[in-house]
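Peer 1: Provided below: entry-v5.csv, containing CSV, C-alpha atoms.
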chain,number,residue,atom,x,y,z
A,1,MET,CA,-0.5,22.5,-5.6
A,2,GLU,CA,1.3,25.9,-5.3
A,3,ASN,CA,2.7,25.5,-1.9
A,4,THR,CA,3.0,21.7,-1.5
A,5,SER,CA,6.6,20.7,-1.5
A,6,LEU,CA,8.3,17.4,-2.0
A,7,ALA,CA,8.9,17.3,1.7
A,8,HIS,CA,5.2,17.3,2.5
A,9,HIS,CA,4.6,14.3,0.2
A,10,LEU,CA,7.5,12.4,1.7
A,11,LEU,CA,6.2,13.2,5.2
A,12,LEU,CA,2.8,11.8,4.3
A,13,ALA,CA,4.4,8.7,2.7
A,14,GLY,CA,6.7,8.2,5.7
A,15,LEU,CA,3.8,8.5,8.2
A,16,LEU,CA,1.7,6.0,6.2
A,17,PHE,CA,4.7,3.6,6.1
A,18,VAL,CA,5.1,3.9,9.9
A,19,LEU,CA,1.4,3.2,10.5
A,20,GLY,CA,1.6,0.1,8.2
A,21,LEU,CA,4.7,-1.1,10.0
A,22,THR,CA,3.1,-0.6,13.4
A,23,GLY,CA,0.1,-2.6,12.2
A,24,VAL,CA,2.3,-5.5,11.0
A,25,LEU,CA,4.0,-5.6,14.4
A,26,ILE,CA,0.9,-5.4,16.7
A,27,ARG,CA,-1.9,-7.1,14.8
A,28,ARG,CA,-2.5,-10.8,15.3
A,29,ASN,CA,-5.1,-11.4,12.5
A,30,LEU,CA,-3.0,-12.5,9.4
A,31,LEU,CA,-5.5,-10.9,7.0
A,32,VAL,CA,-5.1,-7.5,8.8
A,33,VAL,CA,-1.3,-7.9,8.9
A,34,TYR,CA,-1.4,-8.5,5.1
A,35,MET,CA,-3.5,-5.4,4.6
A,36,CYS,CA,-0.9,-3.4,6.6
A,37,LEU,CA,1.8,-4.8,4.3
A,38,GLU,CA,-0.2,-3.4,1.4
A,39,LEU,CA,-0.4,-0.1,3.1
A,40,MET,CA,3.4,0.0,3.4
A,41,LEU,CA,3.6,-0.7,-0.4
A,42,ALA,CA,1.1,2.2,-1.1
A,43,ALA,CA,3.3,4.5,1.0
A,44,ALA,CA,6.3,3.6,-1.0
A,45,THR,CA,4.4,4.2,-4.3
A,46,LEU,CA,3.4,7.6,-3.0
A,47,ALA,CA,7.0,8.5,-2.4
A,48,LEU,CA,7.9,7.2,-5.9
A,49,VAL,CA,5.3,9.3,-7.6
A,50,ALA,CA,6.3,12.4,-5.6
A,51,PHE,CA,9.9,12.0,-6.6
A,52,SER,CA,8.9,11.3,-10.2
A,53,ARG,CA,6.8,14.5,-10.3
A,54,PHE,CA,9.4,16.8,-8.8
A,55,ASN,CA,12.2,15.4,-10.9
A,56,ARG,CA,10.2,15.8,-14.1
A,57,THR,CA,10.6,12.2,-15.3
A,58,MET,CA,8.2,9.4,-15.9
A,59,ASP,CA,10.5,6.6,-14.6
A,60,GLY,CA,9.3,6.6,-11.0
A,61,ALA,CA,5.6,6.6,-12.2
A,62,VAL,CA,6.4,3.6,-14.5
A,63,LEU,CA,8.0,1.8,-11.5
A,64,VAL,CA,4.8,2.4,-9.6
A,65,PHE,CA,2.9,0.7,-12.4
A,66,PHE,CA,5.1,-2.4,-11.9
A,67,VAL,CA,4.7,-2.2,-8.1
A,68,ILE,CA,0.9,-2.3,-8.5
A,69,THR,CA,1.2,-5.2,-10.9
A,70,VAL,CA,3.4,-7.2,-8.6
A,71,ALA,CA,1.3,-6.3,-5.6
A,72,ALA,CA,-1.8,-7.6,-7.3
A,73,ALA,CA,-0.1,-10.9,-8.0
A,74,GLU,CA,1.3,-11.1,-4.5
A,75,VAL,CA,-2.1,-10.5,-2.9
A,76,ALA,CA,-3.6,-13.3,-5.0
A,77,VAL,CA,-0.9,-15.8,-4.0
A,78,GLY,CA,-0.9,-14.6,-0.3
A,79,LEU,CA,-4.6,-14.9,0.1
A,80,ALA,CA,-4.6,-18.4,-1.4
A,81,LEU,CA,-1.9,-19.3,1.1
A,82,ILE,CA,-3.9,-17.9,4.0
A,83,VAL,CA,-7.0,-19.8,2.8
A,84,ALA,CA,-5.0,-23.0,2.6
A,85,LEU,CA,-3.6,-22.4,6.1
A,86,PHE,CA,-7.2,-21.8,7.4
A,87,ARG,CA,-8.3,-25.1,5.9
A,88,LYS,CA,-5.5,-27.0,7.6
A,89,ARG,CA,-5.4,-25.3,11.0
A,90,GLY,CA,-8.8,-23.6,11.3
A,91,THR,CA,-7.4,-20.2,12.4
A,92,VAL,CA,-5.7,-17.2,11.0
A,93,GLN,CA,-4.5,-15.7,14.3
A,94,SER,CA,-0.8,-15.6,14.2
A,95,ASP,CA,-0.4,-16.3,18.0
A,96,ALA,CA,-2.2,-19.6,17.5
A,97,LEU,CA,0.3,-20.7,14.7
A,98,THR,CA,3.4,-21.4,16.7
A,99,THR,CA,4.3,-24.9,15.6
A,100,LEU,CA,7.8,-23.9,14.5
A,101,ARG,CA,8.5,-22.0,17.7
A,102,ASP,CA,7.4,-24.6,20.2
B,1,MET,CA,1.4,26.0,4.2
B,2,PRO,CA,0.6,23.2,1.7
B,3,ASP,CA,-2.4,23.1,-0.5
B,4,GLY,CA,-5.8,22.7,1.2
B,5,LEU,CA,-6.7,19.7,-0.9
B,6,PHE,CA,-3.4,18.0,0.0
B,7,ILE,CA,-4.1,18.6,3.7
B,8,PHE,CA,-7.6,17.2,3.4
B,9,PHE,CA,-6.6,14.0,1.6
B,10,ALA,CA,-3.5,13.5,3.8
B,11,ALA,CA,-5.8,13.7,6.9
B,12,LEU,CA,-8.3,11.3,5.2
B,13,THR,CA,-5.5,8.8,4.3
B,14,LEU,CA,-3.9,8.9,7.7
B,15,GLY,CA,-7.2,8.6,9.6
B,16,ALA,CA,-8.3,5.7,7.4
B,17,ALA,CA,-4.9,4.0,7.9
B,18,LEU,CA,-5.3,4.5,11.7
B,19,LEU,CA,-8.7,2.8,11.4
B,20,LEU,CA,-7.1,0.0,9.6
B,21,VAL,CA,-4.4,-0.6,12.2
B,22,LEU,CA,-6.6,-0.1,15.3
B,23,SER,CA,-10.0,-1.6,14.5
B,24,ARG,CA,-10.7,-4.9,16.1
B,25,ASN,CA,-13.1,-6.0,13.3
B,26,ALA,CA,-11.4,-7.2,10.1
B,27,VAL,CA,-14.2,-5.9,7.9
B,28,THR,CA,-13.8,-2.4,9.4
B,29,SER,CA,-10.1,-2.7,8.8
B,30,ALA,CA,-10.7,-3.5,5.2
B,31,MET,CA,-13.0,-0.4,4.9
B,32,GLY,CA,-10.3,1.7,6.4
B,33,MET,CA,-7.8,0.2,3.9
B,34,ILE,CA,-10.1,1.1,0.9
B,35,LEU,CA,-10.5,4.7,2.2
B,36,ALA,CA,-6.7,5.0,2.7
B,37,LEU,CA,-6.0,3.7,-0.9
B,38,VAL,CA,-8.6,6.1,-2.3
B,39,GLY,CA,-6.8,8.9,-0.4
B,40,VAL,CA,-3.4,7.8,-1.9
B,41,ALA,CA,-5.1,7.8,-5.3
B,42,ALA,CA,-6.3,11.4,-4.7
B,43,GLU,CA,-2.7,12.4,-3.8
B,44,PHE,CA,-1.6,10.8,-7.1
B,45,PHE,CA,-4.1,13.1,-8.9
B,46,LEU,CA,-2.8,16.1,-7.0
B,47,LEU,CA,0.7,15.1,-8.3
B,48,ASP,CA,-0.6,15.1,-11.9
B,49,ALA,CA,-0.3,11.3,-12.1
B,50,TYR,CA,-3.8,10.8,-13.4
B,51,PHE,CA,-3.2,7.4,-15.0
B,52,LEU,CA,-1.7,6.0,-11.7
B,53,GLY,CA,-4.6,7.4,-9.7
B,54,VAL,CA,-7.2,5.7,-11.9
B,55,LEU,CA,-5.1,2.5,-11.8
B,56,GLN,CA,-4.8,2.7,-8.0
B,57,VAL,CA,-8.6,3.0,-7.6
B,58,LEU,CA,-9.4,0.2,-10.2
B,59,VAL,CA,-6.7,-2.3,-9.2
B,60,TYR,CA,-6.2,-1.7,-5.5
B,61,ALA,CA,-9.3,-0.2,-4.0
B,62,GLY,CA,-11.4,-2.2,-6.5
B,63,ALA,CA,-10.1,-5.6,-7.3
B,64,VAL,CA,-7.6,-6.3,-4.5
B,65,MET,CA,-9.8,-5.0,-1.7
B,66,VAL,CA,-12.8,-6.9,-3.0
B,67,LEU,CA,-10.7,-10.0,-2.9
B,68,PHE,CA,-9.7,-9.2,0.7
B,69,LEU,CA,-13.3,-8.6,1.8
B,70,PHE,CA,-14.3,-11.8,0.0
B,71,ILE,CA,-11.7,-13.8,1.9
B,72,ILE,CA,-12.5,-12.1,5.2
B,73,MET,CA,-16.1,-13.0,4.9
B,74,LEU,CA,-15.4,-16.5,3.6
B,75,LEU,CA,-13.1,-17.4,6.5
B,76,ASP,CA,-15.4,-15.6,9.0
B,77,THR,CA,-12.7,-15.3,11.6
B,78,GLU,CA,-13.6,-14.5,15.1
B,79,ASP,CA,-12.5,-11.1,16.4
B,80,ALA,CA,-9.9,-11.2,19.1
B,81,GLN,CA,-11.5,-10.2,22.4
B,82,GLY,CA,-10.1,-8.0,25.1
B,83,ALA,CA,-7.2,-5.5,25.2
B,84,TYR,CA,-3.9,-6.0,23.5
B,85,PRO,CA,-1.2,-7.6,25.8
B,86,TRP,CA,0.8,-4.8,27.3
B,87,LYS,CA,4.0,-6.0,25.6
B,88,THR,CA,2.3,-5.7,22.2
B,89,ALA,CA,0.8,-2.3,23.0
B,90,ALA,CA,4.1,-1.0,24.3
B,91,LEU,CA,6.0,-2.3,21.2
B,92,GLY,CA,3.4,-0.8,18.9
B,93,LEU,CA,3.4,2.6,20.6
B,94,ALA,CA,7.2,2.7,20.8
B,95,THR,CA,7.6,1.8,17.2
B,96,PHE,CA,5.1,4.3,16.0
B,97,PHE,CA,6.3,7.3,18.0
B,98,LEU,CA,10.0,6.6,17.5
B,99,LEU,CA,9.7,6.2,13.7
B,100,ALA,CA,7.1,9.0,13.3
B,101,ALA,CA,9.4,11.3,15.2
B,102,GLY,CA,12.3,10.3,12.9
B,103,VAL,CA,10.2,10.8,9.8
B,104,LEU,CA,9.0,14.2,11.0
B,105,TRP,CA,12.5,15.3,11.8
B,106,LEU,CA,14.0,14.0,8.5
B,107,PHE,CA,11.4,15.5,6.2
B,108,HIS,CA,10.3,18.6,8.1
B,109,TRP,CA,13.0,20.0,10.3
B,110,SER,CA,16.3,18.7,9.1
B,111,GLY,CA,16.0,20.5,5.8
B,112,ALA,CA,17.6,17.6,4.0
B,113,VAL,CA,14.9,17.2,1.4
B,114,SER,CA,14.5,20.9,0.4
B,115,ALA,CA,18.2,21.2,0.2
B,116,VAL,CA,18.4,18.4,-2.4
B,117,LYS,CA,15.6,19.4,-4.8
B,118,ALA,CA,13.0,22.0,-5.5
B,119,GLY,CA,12.1,22.9,-1.9
B,120,ALA,CA,9.1,25.1,-2.8
B,121,THR,CA,6.8,24.4,-5.8
B,122,PRO,CA,6.9,21.7,-8.4
B,123,PRO,CA,8.1,23.1,-11.7
B,124,GLU,CA,5.4,23.2,-14.3
B,125,LEU,CA,5.9,20.2,-16.5
B,126,SER,CA,5.9,20.6,-20.3
B,127,ALA,CA,7.0,16.9,-20.8
B,128,ASN,CA,4.2,15.7,-18.6
B,129,PRO,CA,1.1,17.8,-19.4
B,130,ALA,CA,-2.1,17.6,-17.4
B,131,GLU,CA,-4.2,15.9,-20.1
B,132,PHE,CA,-5.1,12.4,-19.1
B,133,VAL,CA,-4.8,11.0,-22.6
B,134,THR,CA,-1.3,12.3,-23.0
B,135,ALA,CA,-0.3,11.0,-19.6
B,136,ALA,CA,-1.5,7.5,-20.5
B,137,LYS,CA,0.3,7.8,-23.9
B,138,ALA,CA,3.5,8.5,-22.2
B,139,PHE,CA,3.1,5.4,-20.1
B,140,GLY,CA,2.4,3.3,-23.2
B,141,ARG,CA,5.5,4.6,-25.0
B,142,LEU,CA,7.8,4.0,-22.0
B,143,LEU,CA,6.3,0.5,-21.3
B,144,TYR,CA,6.9,-0.7,-24.9
B,145,THR,CA,10.4,0.8,-25.3
B,146,LYS,CA,12.6,1.4,-22.3
B,147,TYR,CA,10.7,-0.9,-20.0
B,148,LEU,CA,9.8,-3.7,-22.4
B,149,LEU,CA,11.7,-6.4,-20.6
B,150,PRO,CA,10.2,-5.6,-17.2
B,151,LEU,CA,6.8,-5.5,-18.8
B,152,GLU,CA,7.3,-9.0,-20.2
B,153,ILE,CA,8.5,-10.2,-16.8
B,154,ALA,CA,5.5,-8.7,-15.1
B,155,GLY,CA,3.2,-10.4,-17.5
B,156,PHE,CA,4.9,-13.7,-16.9
B,157,LEU,CA,4.8,-13.1,-13.1
B,158,LEU,CA,1.0,-12.7,-13.4
B,159,LEU,CA,0.8,-16.0,-15.3
B,160,VAL,CA,2.9,-17.7,-12.6
B,161,ALA,CA,0.7,-16.2,-9.9
B,162,LEU,CA,-2.4,-17.4,-11.7
B,163,VAL,CA,-1.2,-21.0,-12.0
B,164,GLY,CA,0.1,-20.9,-8.4
B,165,VAL,CA,-3.2,-19.8,-7.0
B,166,VAL,CA,-5.1,-22.4,-9.0
B,167,SER,CA,-2.8,-25.2,-7.7
B,168,LEU,CA,-2.8,-23.8,-4.1
B,169,SER,CA,-6.6,-23.7,-3.9
B,170,LYS,CA,-7.2,-27.0,-5.5
B,171,ASP,CA,-8.7,-29.5,-3.1
B,172,ASN,CA,-5.8,-31.9,-2.5
B,173,PRO,CA,-7.0,-35.3,-1.5
B,174,GLU,CA,-3.8,-36.1,0.4
B,175,ASN,CA,-4.6,-33.3,2.8
B,176,LYS,CA,-7.9,-34.8,3.8
B,177,ALA,CA,-6.3,-37.3,6.1
Would you mind writing the file's structure down as structure tokens?
Peer 2:
Amino acid sequence: MENTSLAHHLLLAGLLFVLGLTGVLIRRNLLVVYMCLELMLAAATLALVAFSRFNRTMDGAVLVFFVITVAAAEVAVGLALIVALFRKRGTVQSDALTTLRD
Amino acid sequence: MPDGLFIFFAALTLGAALLLVLSRNAVTSAMGMILALVGVAAEFFLLDAYFLGVLQVLVYAGAVMVLFLFIIMLLDTEDAQGAYPWKTAALGLATFFLLAAGVLWLFHWSGAVSAVKAGATPPELSANPAEFVTAAKAFGRLLYTKYLLPLEIAGFLLLVALVGVVSLSKDNPENKA
């Protein structure tokens, strides 16, 4: 850890976030889109932990604790919604779900 | 140059995230996601946040991703065939390279971050020592004093999510029509 600066961690977090955002934009499978959303959350938590460590406080780390809690609840509800959608429409490809657009 | 372990886990995380975004098979995507989350957990360890690293592996890479894999295999969705439409591919590439260039510039060359705070090495922490037990203790103390109300709200949120999922996944006879 001697030569790893805050900027390195933020760089990694930023690149992870960009990858997640790209996935949300280009993927059509709702489950994969959802995983990319989770990746963006993980990138944000990495930035929070890095700031927390370099500022010598625990507050950012505690915020990450809450982010993980909320993300777990969110995943449960979101996956239940996707399963309900699949039951009703028989697909989870987002380009097949255009009822509101057409 | 940053630490060797940092570089290794950063490369692992980014490669796994790339696998998640690009793989045509949803199960392969989930495997990439697990690997990426484990990589993020390793970065937490390198940042001395041992409790959060363990939590990340247990909750995210463990419970949440098992749920994902379960649903992926339950729904058994067909993989999309053929190449991406050129519009989608162009949008994805443009988004990625524009934003990645922005991130690189902001955090690497603009010098904004190192000018703000502790450009070189993290100060050795006396208030956050390396022992795992002490770190978890610090969490407990903060959660039950300064962050008591958010903790209660998070617990209530989990209850609401539980009830919501049960009512969502219940077989509704009105939908059978």
Peer 1: Name all residues at most 10 Å from A:Leu16 (count only C-alpha atoms; drop same-chain ones fewer than 6 positions away) and give them as a short mmCIF file (atom, residue, chain, number, x, y, z; two decimals) with C-alpha atoms, in the coordinates of the input.
Peer 2:
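That gives us part.cif:
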data_model
loop_
_atom_site.label_atom_id
_atom_site.label_comp_id
_atom_site.auth_asym_id
_atom_site.auth_seq_id
_atom_site.Cartn_x
_atom_site.Cartn_y
_atom_site.Cartn_z
CA LEU A 10 7.50 12.40 1.70
CA THR A 22 3.10 -0.60 13.40
CA CYS A 36 -0.90 -3.40 6.60
CA LEU A 39 -0.40 -0.10 3.10
CA MET A 40 3.40 0.00 3.40
CA LEU A 41 3.60 -0.70 -0.40
CA ALA A 42 1.10 2.20 -1.10
CA ALA A 43 3.30 4.50 1.00
CA ALA A 44 6.30 3.60 -1.00
CA LEU A 46 3.40 7.60 -3.00
CA ALA B 10 -3.50 13.50 3.80
CA THR B 13 -5.50 8.80 4.30
CA LEU B 14 -3.90 8.90 7.70
CA GLY B 15 -7.20 8.60 9.60
CA ALA B 17 -4.90 4.00 7.90
CA LEU B 18 -5.30 4.50 11.70
CA ALA B 36 -6.70 5.00 2.70
CA VAL B 40 -3.40 7.80 -1.90
CA ALA B 100 7.10 9.00 13.30
#
Peer 1: Within 12 Å of A:Ala84, counting all atoms listed in the file, which residues show up once you throw out same-chain ones fewer than 3 positions away? Write them as a PDB file with C-alpha atoms, keeping the file's coordinate frame, please.
Peer 2:
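Saved as selection12.pdb:
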ATOM      1  CA  VAL A  77      -0.900 -15.800  -4.000  1.00  0.00           C
ATOM      2  CA  GLY A  78      -0.900 -14.600  -0.300  1.00  0.00           C
ATOM      3  CA  LEU A  79      -4.600 -14.900   0.100  1.00  0.00           C
ATOM      4  CA  ALA A  80      -4.600 -18.400  -1.400  1.00  0.00           C
ATOM      5  CA  LEU A  81      -1.900 -19.300   1.100  1.00  0.00           C
ATOM      6  CA  ARG A  87      -8.300 -25.100   5.900  1.00  0.00           C
ATOM      7  CA  LYS A  88      -5.500 -27.000   7.600  1.00  0.00           C
ATOM      8  CA  ARG A  89      -5.400 -25.300  11.000  1.00  0.00           C
ATOM      9  CA  GLY A  90      -8.800 -23.600  11.300  1.00  0.00           C
ATOM     10  CA  THR A  91      -7.400 -20.200  12.400  1.00  0.00           C
ATOM     11  CA  VAL A  92      -5.700 -17.200  11.000  1.00  0.00           C
TER      12      VAL A  92
ATOM     13  CA  ILE B  71     -11.700 -13.800   1.900  1.00  0.00           C
ATOM     14  CA  LEU B  75     -13.100 -17.400   6.500  1.00  0.00           C
ATOM     15  CA  VAL B 165      -3.200 -19.800  -7.000  1.00  0.00           C
ATOM     16  CA  VAL B 166      -5.100 -22.400  -9.000  1.00  0.00           C
ATOM     17  CA  SER B 167      -2.800 -25.200  -7.700  1.00  0.00           C
ATOM     18  CA  LEU B 168      -2.800 -23.800  -4.100  1.00  0.00           C
ATOM     19  CA  SER B 169      -6.600 -23.700  -3.900  1.00  0.00           C
ATOM     20  CA  LYS B 170      -7.200 -27.000  -5.500  1.00  0.00           C
ATOM     21  CA  ASP B 171      -8.700 -29.500  -3.100  1.00  0.00           C
ATOM     22  CA  ASN B 172      -5.800 -31.900  -2.500  1.00  0.00           C
ATOM     23  CA  ASN B 175      -4.600 -33.300   2.800  1.00  0.00           C
TER      24      ASN B 175
END
Peer 1: Could you check which of A:Thr98, A:Arg56, A:Thr45, A:Met35 is closest to B:Met65, using only C-alpha atoms?
Peer 2: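 The shortest atom-to-atom distance to B:Met65 comes from A:Met35.
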Peer 1: Using atom CA of B:His108 and atom CA of B:Ile34 as the two end points, give the distance in Å to one decimal.
Peer 2: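 Calculated distance between atom CA of B:His108 and atom CA of B:Ile34 is 27.8 Å.
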Peer 1: I need the residue nearest B:Thr28 from this list: A:Leu15, A:Ile68, A:Val32, A:Phe86. Use all atoms listed in the file for the distance.
Peer 2: A:Val32
Peer 1: Hey, which of B:Tyr50, B:Phe8, B:Trp109, B:Phe96 ends up closest to chain A? Count all atoms listed in the file.
Peer 2: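 Ranked by minimum distance to chain A, first place goes to B:Phe96.
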Peer 1: Find the residues near A:Leu30: any atom within 9 Å, counting all atoms listed in the file, skip ones fewer than 6 places away on the same chain, and give them as a list of chain:residue names.
Peer 2: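 Here the qualifying residues turn out to be A:Val24, A:Ile82, A:Val92, A:Gln93, A:Ser94.
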Peer 1: By how many Å are atom CA of A:His9 and atom CA of B:Leu148 apart?
Peer 2: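 Computed distance, atom CA of A:His9 to atom CA of B:Leu148, equals 29.4 Å.
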Peer 1: Ranking A:Ala73, A:Val67, A:Ala47, A:Leu100 by minimum distance to chain B and counting all atoms listed in the file, which one comes first?
Peer 2: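 Going through A:Ala73, A:Val67, A:Ala47, A:Leu100 one by one, the smallest distance to chain B is for A:Ala73.
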Peer 1: Using all atoms listed in the file, which protein or nucleic acid residues come within 9 Å of B:Ala16? Drop anything in the same chain fewer than 4 positions from it, and give the result as a PyMOL selection string.
Peer 2: chain B and resi 11-12+20-21+29+31-37+39
Peer 1: One decimal, Å: what's the distance from atom CA of B:Lys146 over to atom CA of A:Ala13, could you say?
Peer 2: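 Those two atoms sit 27.3 Å apart.
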Peer 1: Could you tell me which of A:Thr99, A:Phe66, A:Ile26, A:Val83 comes closest to B:Trp86 if we count all atoms listed in the file?
Peer 2: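 Of the candidates, the smallest distance to B:Trp86 is held by A:Ile26.
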Peer 1: Of the candidates B:Phe97, B:Phe107, B:Phe70, B:Phe156, which shows the shortest atom-to-atom distance to chain A, using only C-alpha atoms?
Peer 2: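 Counting only C-alpha atoms, the residue closest to chain A is B:Phe107.
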Peer 1: Would you fill out stretch 10-23 of chain A with N, CA and C atoms and return it as a PDB file, in the frame of the given file?
Peer 2:
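Resulting contents of part-v9.pdb:
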ATOM      1  N   LEU A  10       6.671  13.472   1.055  1.00  0.00           N
ATOM      2  CA  LEU A  10       7.500  12.400   1.700  1.00  0.00           C
ATOM      3  C   LEU A  10       7.088  12.252   3.140  1.00  0.00           C
ATOM      4  N   LEU A  11       6.698  13.340   3.801  1.00  0.00           N
ATOM      5  CA  LEU A  11       6.200  13.200   5.200  1.00  0.00           C
ATOM      6  C   LEU A  11       4.993  12.363   5.263  1.00  0.00           C
ATOM      7  N   LEU A  12       4.038  12.606   4.364  1.00  0.00           N
ATOM      8  CA  LEU A  12       2.800  11.800   4.300  1.00  0.00           C
ATOM      9  C   LEU A  12       3.164  10.323   4.067  1.00  0.00           C
ATOM     10  N   ALA A  13       4.044  10.092   3.076  1.00  0.00           N
ATOM     11  CA  ALA A  13       4.400   8.700   2.700  1.00  0.00           C
ATOM     12  C   ALA A  13       5.103   8.045   3.924  1.00  0.00           C
ATOM     13  N   GLY A  14       5.986   8.783   4.603  1.00  0.00           N
ATOM     14  CA  GLY A  14       6.700   8.200   5.700  1.00  0.00           C
ATOM     15  C   GLY A  14       5.738   7.854   6.874  1.00  0.00           C
ATOM     16  N   LEU A  15       4.776   8.737   7.155  1.00  0.00           N
ATOM     17  CA  LEU A  15       3.800   8.500   8.200  1.00  0.00           C
ATOM     18  C   LEU A  15       2.951   7.249   7.882  1.00  0.00           C
ATOM     19  N   LEU A  16       2.538   7.160   6.620  1.00  0.00           N
ATOM     20  CA  LEU A  16       1.700   6.000   6.200  1.00  0.00           C
ATOM     21  C   LEU A  16       2.546   4.718   6.362  1.00  0.00           C
ATOM     22  N   PHE A  17       3.833   4.775   5.991  1.00  0.00           N
ATOM     23  CA  PHE A  17       4.700   3.600   6.100  1.00  0.00           C
ATOM     24  C   PHE A  17       4.805   3.174   7.576  1.00  0.00           C
ATOM     25  N   VAL A  18       4.997   4.186   8.457  1.00  0.00           N
ATOM     26  CA  VAL A  18       5.100   3.900   9.900  1.00  0.00           C
ATOM     27  C   VAL A  18       3.872   3.256  10.434  1.00  0.00           C
ATOM     28  N   LEU A  19       2.708   3.788  10.012  1.00  0.00           N
ATOM     29  CA  LEU A  19       1.400   3.200  10.500  1.00  0.00           C
ATOM     30  C   LEU A  19       1.328   1.748  10.009  1.00  0.00           C
ATOM     31  N   GLY A  20       1.699   1.487   8.748  1.00  0.00           N
ATOM     32  CA  GLY A  20       1.600   0.100   8.200  1.00  0.00           C
ATOM     33  C   GLY A  20       2.568  -0.803   9.016  1.00  0.00           C
ATOM     34  N   LEU A  21       3.780  -0.324   9.294  1.00  0.00           N
ATOM     35  CA  LEU A  21       4.700  -1.100  10.000  1.00  0.00           C
ATOM     36  C   LEU A  21       4.243  -1.439  11.429  1.00  0.00           C
ATOM     37  N   THR A  22       3.669  -0.418  12.089  1.00  0.00           N
ATOM     38  CA  THR A  22       3.100  -0.600  13.400  1.00  0.00           C
ATOM     39  C   THR A  22       2.012  -1.698  13.376  1.00  0.00           C
ATOM     40  N   GLY A  23       1.155  -1.615  12.354  1.00  0.00           N
ATOM     41  CA  GLY A  23       0.100  -2.600  12.200  1.00  0.00           C
ATOM     42  C   GLY A  23       0.653  -4.010  12.050  1.00  0.00           C
TER      43      GLY A  23
END
